[in-house]
Amino acid sequence: MAIEVKFWGVRGSIACPSPDHVVYGGNTSCIEMRVGDEILIFDAGTGIRNLGKDLIRRNVTHAHIFLTHTHWDHINGFPFFVPAYNPNASFRVLAGHLTHQGGVERVFSAQMADPTFPVPLSAMQSKLTFEDFSVGDELHPADGIVIKTAPLRHPNGATAFRVEHDGNAVCYVTDTEHDPETPDPIILDFIEDADLVIYDCTYTDEEFPQKVGWGHSTWQEGIRLCRAANAKQLALFHHDPEHDDAAMTVIEQKARATWSGAFAARDEMVLHIE
Ligand SMILES: [Zn+2]
Ligand SMILES: [Zn+2]
């Protein structure tokens, strides 16, 4: 039984639709994983809008939505997630970094409030359940699916997820900043032997010195981590909007030349992990 991964948004920071962002896409973070009968959604950036339309086409009315954190680029698509307005649908929204800050429901409610948004959260007629866990907890969304969680180095906190099913493991590790001197021991342990690691590759090692403290990493660090942890594939993710198609093509070529397991995630790319 495979884990099917579909990228619905691969950008960080802000959506960047333009004629120069067609190949890799301009939507912010959203990933769908189909595992057995379950739909697992990771982050609710602008990519979740197209995912919502696809779920309607597929008659899917239940899913779990896991949030790495609640910066805009990871939640701003949720008001446009049309299935959440369907009274016959139900969604669980889970976050691991807000137990001491009023919880995830408060953040989602505040996002859809006067005067910054016209439609309140209460207008969503689906059965919405908001759950706060503590980062580090192990989650069991359904029989045969284990999701491990770990803390990331990011302003206001963020959570990494490792989805395990039938001997396969897919890790979603964004947003996080590395220390160029020492690989993050938590991430090394977390991604060990994973089939796929989706990693925060916002910057290049050359750009990184100007971005220290911004909470992001590089594709070179992603490769170093994956090699050291014996992971099989690396999806470069959370692309900088400043990296247009021309820049991303060069980044992806360099990454592949450095390690054959690396590739750049694109909007609507599908992977079967088995
Ligand atoms: Zn982000
Ligand atoms: Zn962030």
# chains A, B, ... in the order shown; residues from 1 in each chain; ligands from 1
>>> closest_atom_pairs(of="chain A", to="ligand 1", cutoff="8 Å", atoms="only C-alpha atoms and all ligand atoms", output="JSON lines")
{"residue": "A:Arg11", "atom": "CA", "partner": "ligand 1", "partner_atom_place_in_ligand_line": "1 (Zn)", "distance": 7.8}
{"residue": "A:Gly12", "atom": "CA", "partner": "ligand 1", "partner_atom_place_in_ligand_line": "1 (Zn)", "distance": 4.6}
{"residue": "A:Ser13", "atom": "CA", "partner": "ligand 1", "partner_atom_place_in_ligand_line": "1 (Zn)", "distance": 5.2}
{"residue": "A:Thr28", "atom": "CA", "partner": "ligand 1", "partner_atom_place_in_ligand_line": "1 (Zn)", "distance": 7.9}
{"residue": "A:Ser29", "atom": "CA", "partner": "ligand 1", "partner_atom_place_in_ligand_line": "1 (Zn)", "distance": 7.1}
{"residue": "A:His71", "atom": "CA", "partner": "ligand 1", "partner_atom_place_in_ligand_line": "1 (Zn)", "distance": 6.4}
{"residue": "A:Trp72", "atom": "CA", "partner": "ligand 1", "partner_atom_place_in_ligand_line": "1 (Zn)", "distance": 7.6}
{"residue": "A:Asp73", "atom": "CA", "partner": "ligand 1", "partner_atom_place_in_ligand_line": "1 (Zn)", "distance": 5.3}
{"residue": "A:His74", "atom": "CA", "partner": "ligand 1", "partner_atom_place_in_ligand_line": "1 (Zn)", "distance": 6.1}
{"residue": "A:Thr174", "atom": "CA", "partner": "ligand 1", "partner_atom_place_in_ligand_line": "1 (Zn)", "distance": 7.1}
{"residue": "A:Asp175", "atom": "CA", "partner": "ligand 1", "partner_atom_place_in_ligand_line": "1 (Zn)", "distance": 5.6}
{"residue": "A:His238", "atom": "CA", "partner": "ligand 1", "partner_atom_place_in_ligand_line": "1 (Zn)", "distance": 6.6}
>>> write_last_selection(atoms="N, CA, C and O atoms", output="PDB file, in the first residue's frame")
ATOM      1  N   ARG A  11       5.454  27.031  -2.552  1.00  0.00           N
ATOM      2  CA  ARG A  11       6.161  28.283  -2.242  1.00  0.00           C
ATOM      3  C   ARG A  11       6.146  28.583  -0.761  1.00  0.00           C
ATOM      4  O   ARG A  11       5.233  28.177  -0.039  1.00  0.00           O
ATOM      5  N   GLY A  12       7.116  29.382  -0.346  1.00  0.00           N
ATOM      6  CA  GLY A  12       7.101  29.957   0.980  1.00  0.00           C
ATOM      7  C   GLY A  12       6.786  31.432   0.919  1.00  0.00           C
ATOM      8  O   GLY A  12       6.733  32.023  -0.161  1.00  0.00           O
ATOM      9  N   SER A  13       6.508  32.000   2.065  1.00  0.00           N
ATOM     10  CA  SER A  13       6.384  33.449   2.282  1.00  0.00           C
ATOM     11  C   SER A  13       5.122  34.080   1.702  1.00  0.00           C
ATOM     12  O   SER A  13       4.286  34.585   2.433  1.00  0.00           O
ATOM     13  N   THR A  28       1.280  28.878  -2.173  1.00  0.00           N
ATOM     14  CA  THR A  28       2.022  28.605  -0.937  1.00  0.00           C
ATOM     15  C   THR A  28       1.616  27.248  -0.354  1.00  0.00           C
ATOM     16  O   THR A  28       0.652  26.609  -0.775  1.00  0.00           O
ATOM     17  N   SER A  29       2.346  26.849   0.668  1.00  0.00           N
ATOM     18  CA  SER A  29       2.445  25.473   1.148  1.00  0.00           C
ATOM     19  C   SER A  29       1.124  24.739   1.356  1.00  0.00           C
ATOM     20  O   SER A  29       0.277  25.155   2.152  1.00  0.00           O
ATOM     21  N   HIS A  71       1.942  30.668  10.350  1.00  0.00           N
ATOM     22  CA  HIS A  71       2.289  31.855   9.560  1.00  0.00           C
ATOM     23  C   HIS A  71       1.391  31.900   8.324  1.00  0.00           C
ATOM     24  O   HIS A  71       0.903  30.871   7.851  1.00  0.00           O
ATOM     25  N   TRP A  72       1.197  33.123   7.794  1.00  0.00           N
ATOM     26  CA  TRP A  72       0.232  33.335   6.712  1.00  0.00           C
ATOM     27  C   TRP A  72       0.354  32.330   5.567  1.00  0.00           C
ATOM     28  O   TRP A  72      -0.656  31.832   5.061  1.00  0.00           O
ATOM     29  N   ASP A  73       1.615  32.079   5.151  1.00  0.00           N
ATOM     30  CA  ASP A  73       1.795  31.238   3.955  1.00  0.00           C
ATOM     31  C   ASP A  73       1.361  29.792   4.202  1.00  0.00           C
ATOM     32  O   ASP A  73       1.323  29.003   3.259  1.00  0.00           O
ATOM     33  N   HIS A  74       0.993  29.459   5.435  1.00  0.00           N
ATOM     34  CA  HIS A  74       0.571  28.085   5.750  1.00  0.00           C
ATOM     35  C   HIS A  74      -0.909  27.989   6.137  1.00  0.00           C
ATOM     36  O   HIS A  74      -1.396  26.892   6.397  1.00  0.00           O
ATOM     37  N   THR A 174       9.332  21.584   7.251  1.00  0.00           N
ATOM     38  CA  THR A 174       9.379  23.008   6.914  1.00  0.00           C
ATOM     39  C   THR A 174       8.584  23.727   8.002  1.00  0.00           C
ATOM     40  O   THR A 174       7.686  23.113   8.576  1.00  0.00           O
ATOM     41  N   ASP A 175       8.842  24.888   8.437  1.00  0.00           N
ATOM     42  CA  ASP A 175       9.910  25.814   8.118  1.00  0.00           C
ATOM     43  C   ASP A 175      10.972  25.664   9.208  1.00  0.00           C
ATOM     44  O   ASP A 175      10.619  25.629  10.399  1.00  0.00           O
ATOM     45  N   HIS A 238       9.193  24.877  -0.320  1.00  0.00           N
ATOM     46  CA  HIS A 238       9.112  26.223   0.283  1.00  0.00           C
ATOM     47  C   HIS A 238      10.020  27.182  -0.483  1.00  0.00           C
ATOM     48  O   HIS A 238      10.774  27.968   0.086  1.00  0.00           O
TER      49      HIS A 238
END
>>> residues_around(residues="A:Leu139", least_positions_apart="4", cutoff="9 Å", atoms="only C-alpha atoms", output="list in words")
Phe133, Ile145, Val146, Ile147, Lys148 and Thr149 of chain A
>>> closest_residue(among="A:Thr204, A:Ser122, A:Thr61, A:Thr46", to="A:Trp8", atoms="only C-alpha atoms")
A:Thr46
>>> atom_distance(atom1="atom CA of A:Ile198", atom2="atom CA of A:Ala95")
18.4 Å
>>> residues_around(residues="A:Ala63", least_positions_apart="3", cutoff="6 Å", atoms="only C-alpha atoms", output="ChimeraX atom specification")
/A:39-40,91
>>> closest_residue(among="A:Phe237, A:Tyr199, A:Phe42, A:Trp214", to="ligand 2", atoms="only C-alpha atoms and all ligand atoms")
A:Trp214
>>> closest_residue(among="A:Ser18, A:Ser217, A:Asn88, A:Thr258", to="ligand 2", atoms="only C-alpha atoms and all ligand atoms")
A:Ser217
>>> residues_around(residues="A:Glu242", least_positions_apart="3", cutoff="10 Å", atoms="only C-alpha atoms", output="MDAnalysis selection string")
chainID A and resid 16 21 202:203 239 245 247:248
>>> write_last_selection(atoms="C-alpha atoms", output="mmCIF file, in the first residue's frame")
data_model
loop_
_atom_site.group_PDB
_atom_site.id
_atom_site.type_symbol
_atom_site.label_atom_id
_atom_site.label_comp_id
_atom_site.auth_asym_id
_atom_site.auth_seq_id
_atom_site.Cartn_x
_atom_site.Cartn_y
_atom_site.Cartn_z
ATOM 1 C CA CYS A 16 3.738 34.583 -6.470
ATOM 2 C CA HIS A 21 6.560 31.304 -12.002
ATOM 3 C CA THR A 202 14.000 28.483 0.693
ATOM 4 C CA TYR A 203 17.559 29.674 0.136
ATOM 5 C CA HIS A 239 10.756 27.933 -2.677
ATOM 6 C CA ASP A 245 11.510 29.522 -13.107
ATOM 7 C CA ALA A 247 16.481 30.444 -11.014
ATOM 8 C CA MET A 248 14.650 27.281 -9.915
#
